[in-house]
$ cat my_file22.cif   # mmCIF, C-alpha atoms
data_structure
#
loop_
_atom_site.label_atom_id
_atom_site.label_comp_id
_atom_site.auth_asym_id
_atom_site.auth_seq_id
_atom_site.Cartn_x
_atom_site.Cartn_y
_atom_site.Cartn_z
CA MET A 808 3.06 7.58 -3.05
CA PRO A 809 0.30 10.02 -2.12
CA PHE A 810 -2.74 9.93 -4.37
CA VAL A 811 -4.93 12.97 -5.02
CA ASN A 812 -8.27 12.59 -6.80
CA PHE A 813 -9.58 15.99 -7.88
CA ALA A 814 -12.91 14.50 -9.02
CA THR A 815 -13.84 12.91 -5.71
CA ARG A 816 -11.76 15.55 -3.86
CA GLU A 817 -9.72 13.04 -1.87
CA ILE A 818 -6.09 12.99 -0.76
CA ASN A 819 -4.66 9.63 0.34
CA CYS A 820 -1.39 9.08 2.23
CA LYS A 821 0.26 5.94 3.61
CA ILE A 822 1.91 5.95 7.05
CA VAL A 823 3.77 2.89 8.33
CA TYR A 824 4.56 2.11 11.98
CA TYR A 825 7.87 0.23 11.97
CA GLY A 826 9.85 -1.26 14.85
CA PRO A 827 11.05 -4.47 16.51
CA GLY A 828 8.72 -7.23 17.70
CA LEU A 829 6.56 -6.31 20.74
CA SER A 830 7.66 -2.65 20.69
CA GLY A 831 4.01 -1.50 20.59
CA LYS A 832 3.22 -0.71 16.95
CA THR A 833 -0.19 -2.40 17.01
CA THR A 834 -0.90 -0.84 20.45
CA ASN A 835 -0.32 2.60 18.91
CA ILE A 836 -2.78 2.22 16.06
CA LYS A 837 -5.26 0.30 18.22
CA TRP A 838 -5.28 3.25 20.67
CA ILE A 839 -5.85 5.67 17.80
CA TYR A 840 -8.66 3.46 16.45
CA ASP A 841 -10.33 3.19 19.87
CA HIS A 842 -10.25 6.95 20.54
CA ILE A 843 -11.10 8.39 17.15
CA LYS A 844 -14.70 9.34 16.42
CA PRO A 845 -16.39 6.47 14.53
CA GLU A 846 -17.32 8.78 11.62
CA ASN A 847 -13.63 9.53 11.04
CA ARG A 848 -12.39 5.96 10.82
CA GLY A 849 -12.82 2.98 8.56
CA GLU A 850 -12.62 -0.67 9.49
CA MET A 851 -9.55 -1.88 11.42
CA ILE A 852 -7.96 -4.93 9.86
CA THR A 853 -5.64 -7.11 11.94
CA LEU A 854 -3.88 -10.04 10.38
CA ALA A 855 -2.49 -11.64 13.53
CA THR A 856 -1.40 -15.05 14.74
CA GLU A 857 -3.23 -16.93 17.51
CA THR A 858 -0.99 -15.23 20.06
CA GLU A 859 -1.98 -11.82 18.68
CA ARG A 860 1.43 -11.09 17.19
CA THR A 861 1.06 -9.26 13.88
CA LEU A 862 1.46 -11.77 11.09
CA PHE A 863 1.25 -9.60 7.99
CA PHE A 864 -0.04 -6.13 8.86
CA ASP A 865 -2.62 -4.07 10.76
CA PHE A 866 -4.52 -1.39 8.90
CA VAL A 867 -6.67 1.59 9.93
CA PRO A 868 -7.96 4.24 7.53
CA ILE A 869 -8.53 7.67 9.11
CA GLU A 870 -10.50 10.39 7.36
CA VAL A 871 -10.36 14.12 7.90
CA SER A 872 -13.28 15.67 6.04
CA ASN A 873 -13.87 19.19 4.83
CA VAL A 874 -10.38 20.49 4.46
CA LYS A 875 -11.33 23.17 1.91
CA GLY A 876 -13.82 20.71 0.48
CA PHE A 877 -11.28 17.89 0.36
CA LYS A 878 -11.23 14.68 2.33
CA VAL A 879 -7.75 13.73 3.59
CA ARG A 880 -7.37 10.03 4.27
CA PHE A 881 -4.41 8.59 6.19
CA HIS A 882 -3.86 4.86 5.78
CA LEU A 883 -2.06 3.61 8.91
CA TYR A 884 -0.19 0.33 8.66
CA THR A 885 1.99 -1.61 11.09
CA THR A 886 4.60 -4.12 10.05
CA PRO A 887 5.20 -7.48 11.76
CA GLY A 888 8.19 -6.99 14.05
CA GLN A 889 9.60 -10.47 14.33
CA ILE A 890 12.78 -11.13 12.39
CA ILE A 891 11.26 -13.93 10.31
CA TYR A 892 8.79 -11.59 8.62
CA GLN A 893 11.38 -9.50 6.78
CA ALA A 894 9.65 -10.04 3.43
CA SER A 895 6.30 -8.79 4.76
CA ARG A 896 7.89 -5.67 6.21
CA LYS A 897 9.33 -4.81 2.84
CA LEU A 898 6.01 -5.33 1.06
CA ILE A 899 4.20 -3.01 3.47
CA LEU A 900 6.73 -0.22 2.89
CA LYS A 901 5.72 -0.07 -0.78
CA GLY A 902 4.46 3.44 -1.56
CA VAL A 903 5.04 4.69 2.00
CA ASP A 904 4.68 8.44 2.60
CA GLY A 905 5.77 8.60 6.25
CA ILE A 906 7.25 6.34 8.93
CA VAL A 907 6.89 6.15 12.70
CA PHE A 908 9.75 4.15 14.18
CA VAL A 909 8.49 2.64 17.44
CA ALA A 910 11.46 1.70 19.60
CA ASP A 911 11.31 -0.45 22.74
CA SER A 912 13.01 1.53 25.52
CA GLN A 913 14.08 -1.53 27.53
CA GLU A 914 17.81 -2.06 27.63
CA GLU A 915 17.56 -5.72 26.64
CA ARG A 916 15.64 -4.79 23.48
CA HIS A 917 18.08 -2.18 22.26
CA ASP A 918 19.91 -4.52 19.88
CA ALA A 919 16.55 -5.37 18.34
CA ASN A 920 15.87 -1.64 17.86
CA LEU A 921 19.18 -1.17 16.09
CA ASP A 922 18.76 -4.26 13.89
CA THR A 923 15.24 -3.22 12.89
CA LEU A 924 16.36 0.29 12.02
CA ASP A 925 19.08 -1.14 9.74
CA ASP A 926 16.50 -3.46 8.21
CA MET A 927 14.22 -0.49 7.54
CA ILE A 928 16.97 1.55 5.89
CA GLU A 929 17.85 -1.40 3.64
CA ASN A 930 14.22 -1.96 2.68
CA LEU A 931 13.77 1.72 1.85
CA LYS A 932 16.90 1.64 -0.31
CA ASP A 933 15.36 -1.17 -2.33
CA TYR A 934 12.45 1.17 -3.14
CA GLU A 935 14.94 3.96 -3.90
CA ILE A 936 13.76 5.97 -0.89
CA ASP A 937 16.45 7.91 0.98
CA ILE A 938 15.80 8.02 4.72
CA GLU A 939 16.95 11.65 4.67
CA ASP A 940 13.99 12.55 2.43
CA ILE A 941 11.09 10.69 4.00
CA PRO A 942 8.88 12.07 6.80
CA LEU A 943 10.02 10.21 9.93
CA VAL A 944 9.22 10.32 13.65
CA PHE A 945 10.79 8.30 16.46
CA GLN A 946 8.82 7.07 19.44
CA TYR A 947 10.56 5.67 22.53
CA ASN A 948 7.85 3.43 23.92
CA LYS A 949 7.35 1.56 27.21
CA ARG A 950 8.80 4.36 29.35
CA ASP A 951 6.91 2.95 32.37
CA LEU A 952 8.88 -0.30 32.48
CA PRO A 953 11.92 -0.92 34.70
CA ASN A 954 15.30 -1.11 33.05
CA VAL A 955 14.67 1.45 30.34
CA LEU A 956 17.54 3.26 28.66
CA PRO A 957 17.82 7.03 29.10
CA VAL A 958 16.20 8.93 26.24
CA GLU A 959 19.56 10.53 25.40
CA VAL A 960 20.99 7.09 24.62
CA LEU A 961 18.03 6.09 22.46
CA ARG A 962 18.14 9.43 20.69
CA LYS A 963 21.87 9.19 19.97
CA ASP A 964 21.75 5.58 18.74
CA LEU A 965 18.48 5.65 16.78
CA ASN A 966 17.56 9.19 15.85
CA ARG A 967 20.69 9.91 13.84
CA TRP A 968 18.83 12.35 11.61
CA SER A 969 17.59 14.57 14.48
CA ARG A 970 13.95 14.05 13.63
CA PRO A 971 11.14 14.82 16.09
CA ASP A 972 10.91 12.17 18.79
CA TYR A 973 8.53 11.38 21.65
CA GLU A 974 8.54 9.34 24.83
CA ALA A 975 5.49 7.10 25.09
CA ILE A 976 3.52 4.57 27.05
CA ALA A 977 1.33 3.41 24.18
CA SER A 978 -0.76 1.06 26.35
CA LYS A 979 -1.98 4.15 28.27
CA GLY A 980 -2.16 6.39 25.23
CA ILE A 981 0.72 8.57 26.42
CA GLY A 982 2.64 10.03 23.47
CA VAL A 983 0.48 8.26 20.90
CA LEU A 984 -1.46 11.24 19.64
CA GLU A 985 1.59 13.52 19.64
CA THR A 986 3.46 11.01 17.47
CA PHE A 987 0.53 10.66 15.07
CA LYS A 988 0.04 14.41 14.77
CA GLU A 989 3.71 15.00 14.05
CA ILE A 990 3.94 12.38 11.30
CA THR A 991 0.75 13.57 9.58
CA LYS A 992 2.04 17.15 9.71
CA GLN A 993 5.34 16.12 8.11
CA VAL A 994 3.60 14.06 5.41
CA LEU A 995 1.27 16.92 4.46
CA ARG A 996 4.11 19.44 4.49
CA LYS A 997 6.08 17.23 2.08
CA LEU A 998 3.03 16.84 -0.15
CA LYS A 999 2.74 20.59 -0.36
CA ARG A 1000 6.30 21.02 -1.59
CA MET B 536 2.96 11.49 -6.81
CA LEU B 537 -0.18 10.36 -8.65
CA ASN B 538 -3.14 12.64 -9.07
CA LEU B 539 -6.31 12.32 -11.07
CA ARG B 540 -8.06 15.20 -12.87
CA PRO B 541 -11.88 15.12 -13.10
CA GLU B 542 -11.84 14.38 -16.84
CA GLU B 543 -9.38 11.51 -16.32
CA ASP B 544 -11.44 10.16 -13.44
CA LYS B 545 -14.47 10.18 -15.74
CA GLU B 546 -12.59 8.34 -18.49
CA LEU B 547 -11.27 5.79 -16.00
CA LYS B 548 -14.68 5.24 -14.43
CA GLU B 549 -16.16 4.72 -17.89
CA ILE B 550 -13.67 1.94 -18.72
CA LEU B 551 -14.24 0.23 -15.35
CA THR B 552 -18.03 0.55 -15.70
CA ASN B 553 -17.90 -0.91 -19.24
CA ILE B 554 -15.91 -3.89 -17.99
CA ALA B 555 -18.35 -4.36 -15.09
CA GLU B 556 -21.45 -4.16 -17.28
CA GLU B 557 -20.19 -6.31 -20.13
CA SER B 558 -18.76 -8.99 -17.84
CA LYS B 559 -21.73 -8.81 -15.44
CA SER B 560 -19.34 -8.17 -12.53
CA LYS B 561 -20.78 -6.74 -9.34
CA ILE B 562 -18.00 -4.17 -9.26
CA VAL B 563 -14.65 -3.49 -10.90
CA LEU B 564 -11.98 -1.63 -8.90
CA LEU B 565 -8.61 -0.17 -9.79
CA ILE B 566 -6.15 -0.20 -6.89
CA ASP B 567 -2.49 0.75 -6.71
CA LYS B 568 0.02 -1.71 -5.33
CA SER B 569 0.56 0.35 -2.19
CA GLY B 570 -3.10 -0.33 -1.28
CA GLN B 571 -4.90 2.84 -2.35
CA LEU B 572 -8.15 2.79 -4.26
CA ILE B 573 -7.74 4.73 -7.52
CA SER B 574 -11.22 4.30 -9.00
CA ARG B 575 -14.25 2.03 -9.19
CA SER B 576 -17.05 1.25 -11.59
CA GLU B 577 -20.47 2.85 -11.13
CA SER B 578 -21.84 -0.22 -9.39
CA PRO B 579 -24.23 -0.18 -6.48
CA ALA B 580 -23.99 -3.86 -5.61
CA PHE B 581 -20.77 -3.78 -3.59
CA SER B 582 -21.59 -3.35 0.08
CA SER B 583 -18.22 -3.77 1.77
CA ASP B 584 -15.76 -1.00 2.66
CA ASP B 585 -13.82 -0.45 -0.57
CA VAL B 586 -10.90 1.35 1.15
CA THR B 587 -10.28 -1.67 3.37
CA PHE B 588 -10.87 -3.99 0.44
CA ALA B 589 -8.18 -2.12 -1.54
CA SER B 590 -5.64 -2.44 1.26
CA LEU B 591 -6.23 -6.18 1.67
CA THR B 592 -6.14 -6.76 -2.09
CA ALA B 593 -2.75 -5.04 -2.38
CA GLY B 594 -1.48 -7.13 0.55
CA ASN B 595 -2.80 -10.28 -1.06
CA VAL B 596 -1.20 -9.52 -4.42
CA ALA B 597 2.10 -8.51 -2.77
CA ALA B 598 2.20 -11.81 -0.83
CA SER B 599 1.38 -13.81 -3.96
CA GLU B 600 4.04 -11.96 -5.95
CA ALA B 601 6.58 -12.82 -3.25
CA LEU B 602 5.46 -16.47 -3.42
CA SER B 603 5.82 -16.46 -7.16
CA LYS B 604 9.36 -15.10 -6.86
CA LEU B 605 10.20 -17.81 -4.30
CA LEU B 606 9.14 -20.34 -6.92
CA GLY B 607 11.59 -18.76 -9.32
CA ASP B 608 9.09 -16.91 -11.47
CA LYS B 609 9.65 -13.26 -12.32
CA SER B 610 6.30 -11.82 -11.38
CA LEU B 611 2.62 -12.43 -10.92
CA ASN B 612 0.16 -11.51 -13.65
CA HIS B 613 -3.19 -12.46 -12.24
CA MET B 614 -4.90 -14.38 -9.47
CA PHE B 615 -8.32 -15.76 -8.64
CA THR B 616 -10.00 -16.18 -5.26
CA GLU B 617 -13.27 -18.03 -4.85
CA THR B 618 -15.76 -17.71 -2.02
CA GLU B 619 -18.98 -19.68 -1.74
CA ASP B 620 -21.00 -17.37 -3.98
CA GLU B 621 -18.48 -14.96 -5.41
CA GLY B 622 -15.33 -14.87 -7.47
CA ILE B 623 -12.60 -12.26 -7.09
CA TYR B 624 -10.33 -11.92 -10.10
CA MET B 625 -7.24 -9.68 -9.91
CA ILE B 626 -4.93 -8.73 -12.74
CA VAL B 627 -1.82 -6.54 -12.61
CA VAL B 628 -1.94 -3.50 -14.91
CA ALA B 629 1.16 -1.55 -16.03
CA GLU B 630 3.13 -3.26 -13.20
CA LYS B 631 1.82 -0.75 -10.63
CA TYR B 632 -1.93 -1.25 -10.47
CA ILE B 633 -4.35 -4.05 -9.74
CA LEU B 634 -7.65 -4.37 -11.58
CA VAL B 635 -10.17 -6.34 -9.53
CA SER B 636 -13.48 -7.81 -10.60
CA ILE B 637 -15.88 -9.11 -7.96
CA PHE B 638 -18.59 -11.25 -9.48
CA ASP B 639 -21.49 -13.49 -8.60
CA LYS B 640 -20.57 -17.02 -9.73
CA TYR B 641 -24.18 -17.75 -10.65
CA ALA B 642 -24.49 -14.63 -12.85
CA THR B 643 -21.26 -14.89 -14.84
CA ASN B 644 -18.00 -16.82 -14.92
CA LEU B 645 -14.23 -16.35 -14.90
CA GLY B 646 -13.90 -16.89 -18.66
CA ILE B 647 -16.25 -14.01 -19.48
CA ILE B 648 -14.53 -11.76 -16.93
CA ARG B 649 -11.13 -12.44 -18.47
CA VAL B 650 -12.35 -11.88 -22.04
CA LYS B 651 -13.94 -8.55 -21.17
CA ILE B 652 -10.92 -7.34 -19.20
CA LYS B 653 -8.71 -8.29 -22.14
CA LYS B 654 -10.89 -6.17 -24.42
CA TYR B 655 -10.24 -3.03 -22.34
CA TYR B 656 -6.78 -3.83 -20.96
CA ASP B 657 -4.72 -1.84 -23.50
CA LYS B 658 -6.99 1.18 -23.23
CA LEU B 659 -6.74 1.12 -19.42
CA GLU B 660 -2.98 0.66 -19.45
CA GLY B 661 -2.58 3.51 -21.96
CA LEU B 662 -4.77 5.81 -19.88
CA MET B 663 -2.85 5.11 -16.66
CA LYS B 664 0.48 5.77 -18.40
CA ARG B 665 -0.89 9.03 -19.82
CA ILE B 666 -2.08 10.09 -16.34
CA GLU B 667 1.30 9.26 -14.79
CA GLU B 668 3.18 11.26 -17.41
CA ARG B 669 0.93 14.28 -16.94
CA ALA B 670 1.03 14.02 -13.12
CA GLU B 671 4.81 13.89 -13.11
CA LYS B 672 5.02 17.30 -14.77
CA GLU B 673 2.85 19.20 -12.32
CA SER B 674 2.34 19.75 -8.63
CA SER B 675 -0.63 17.76 -7.40
CA MET B 676 -1.44 19.26 -4.02
CA PRO B 677 -4.53 21.46 -4.27
CA ALA B 678 -3.22 25.02 -4.09
CA ASP B 679 -5.83 26.24 -1.63
CA ILE B 680 -5.13 23.60 1.02
CA ASN B 681 -3.07 24.71 3.94
CA ILE B 682 -1.85 22.09 6.38
CA GLU B 683 -2.76 24.45 9.20
CA ASP B 684 -6.41 23.94 8.16
CA ILE B 685 -6.25 20.33 9.26
CA ASP B 686 -7.24 20.09 12.88
CA LEU B 687 -6.46 16.57 14.05
CA ASP B 688 -7.63 17.25 17.61
CA THR B 689 -11.26 17.32 16.47
CA LEU B 690 -10.93 13.71 15.23
CA PHE B 691 -10.67 12.30 18.72
CA GLU B 692 -13.26 11.76 21.43
#
$ encode --input "my_file22.cif" --output "structure tokens"
Amino acid sequence: MPFVNFATREINCKIVYYGPGLSGKTTNIKWIYDHIKPENRGEMITLATETERTLFFDFVPIEVSNVKGFKVRFHLYTTPGQIIYQASRKLILKGVDGIVFVADSQEERHDANLDTLDDMIENLKDYEIDIEDIPLVFQYNKRDLPNVLPVEVLRKDLNRWSRPDYEAIASKGIGVLETFKEITKQVLRKLKR
Amino acid sequence: MLNLRPEEDKELKEILTNIAEESKSKIVLLIDKSGQLISRSESPAFSSDDVTFASLTAGNVAASEALSKLLGDKSLNHMFTETEDEGIYMIVVAEKYILVSIFDKYATNLGIIRVKIKKYYDKLEGLMKRIEERAEKESSMPADINIEDIDLDTLFE
């Protein structure tokens, strides 16, 4: 749920990066955090296990100042990808305004992509959010690895709603910014309606 | 979509500031359950990043609510976290919001915090419901903002 404060002139939106374990959700927001000007970002919070797998969530607030005197703040979250953290994923979707689905392009991870997408749709249903209505972007990550599926296959199996999608190598920052710009654009456009 | 008009923000800030002053809290914050900071008392003592604090508080409450459901309880009403010098008391308001008091354990205590929050709870709950009802009836995006005005390229180095 976006929140607009006309007294402090702030607009707040919540964007969640969703996808299977090790698909690169944290890498995406870490890249954004590392490349954004320090004055435009808040503190990055990572609740991770000892092996650096996301345990609960990662969080980065990003601020765009002076949009007609308003400050627009995007709260970026990632969910934990591993199957056992289903409950956490649902909690983080609460009040979501836009979703980036980060898919792992490797053939052997495709079942995990499909399972996670089903899991996301179910979780959204529980919050009475229709996937047709929510701003959504697909990212096919890890395009530099061997054994990746053709984009056409990923698109057909995952992007059933013909939403914007991007190929990415998040570890090198390829496709990261494009994905972020597209989701923020969709979220703001929906807010305007 | 929730939005806050300047007069409502003032009213809200006044309630939070009254709770903070009367309970001798360092700061009192109102957060929504999705992790966004709605308002805060006029308190200079809080030095941390309140946006990050709001996100972690919502995560904390969500996890505790899930724990409470696992134990067979319906929901979570309030929780208390203690650090070496400070207490953090959180109470759920109108099922959607979290009121948080951060206090110095040597300046006040949990009992006083709870009594003072109780004094203002109904007023706060009523105000939030009134804001929600008003916000539902109107568009909340500032009319003069155009998404084309937002240049995300300038954010990056």
$ atom_distance --input "my_file22.cif" --atom1 "CA of Ile680 in chain B" --atom2 "CA of Ile990 in chain A"
17.7 Å
$ residues_around --input "my_file22.cif" --residues "Thr834 in chain A" --least-positions-apart "6" --cutoff "10 Å" --atoms "only C-alpha atoms" --output "compact mmCIF listing (two decimals) with C-alpha atoms, keeping the file's coordinate frame"
# COMPACT_ATOMS: atom_id res chain seq x y z
CA TYR A 840 -8.66 3.46 16.45
CA THR A 885 1.99 -1.61 11.09
CA ILE A 976 3.52 4.57 27.05
CA ALA A 977 1.33 3.41 24.18
CA SER A 978 -0.76 1.06 26.35
CA LYS A 979 -1.98 4.15 28.27
CA GLY A 980 -2.16 6.39 25.23
CA VAL A 983 0.48 8.26 20.90
$ interface_residues --input "my_file22.cif" --of "chain A" --to "chain B" --cutoff "6 Å" --atoms "only C-alpha atoms" --output "PyMOL selection string"
chain A and resi 808-814+842-844+901-902+999
$ residues_around --input "my_file22.cif" --residues "range 616-631 of chain B" --least-positions-apart "4" --cutoff "10 Å" --atoms "only C-alpha atoms" --output "count of residues only"
38
$ resolve_selection --input "my_file22.cif" --expression "the PyMOL selection byres ((chain B and resi 548) around 8)" --output "ChimeraX atom specification"
/B:544-547,549-552,574-577
$ atom_distance --input "my_file22.cif" --atom1 "CA of His882 in chain A" --atom2 "CA of Pro868 in chain A"
4.5 Å
$ resolve_selection --input "my_file22.cif" --expression "the PyMOL selection byres ((chain A and resi 847) around 8)" --output "PyMOL selection string"
(chain A and resi 843-846+848-849+869-872) or (chain B and resi 690)
$ residues_around --input "my_file22.cif" --residues "Glu959 in chain A" --least-positions-apart "3" --cutoff "12 Å" --atoms "all atoms listed in the file" --output "PyMOL selection string"
chain A and resi 912+947+955-956+962-967+969+972-974
$ resolve_selection --input "my_file22.cif" --expression "the PyMOL selection byres ((chain A and resi 864-866) around 10)" --output "count of residues only"
37
$ atom_distance --input "my_file22.cif" --atom1 "CA of Gly828 in chain A" --atom2 "CA of Gln889 in chain A"
4.8 Å
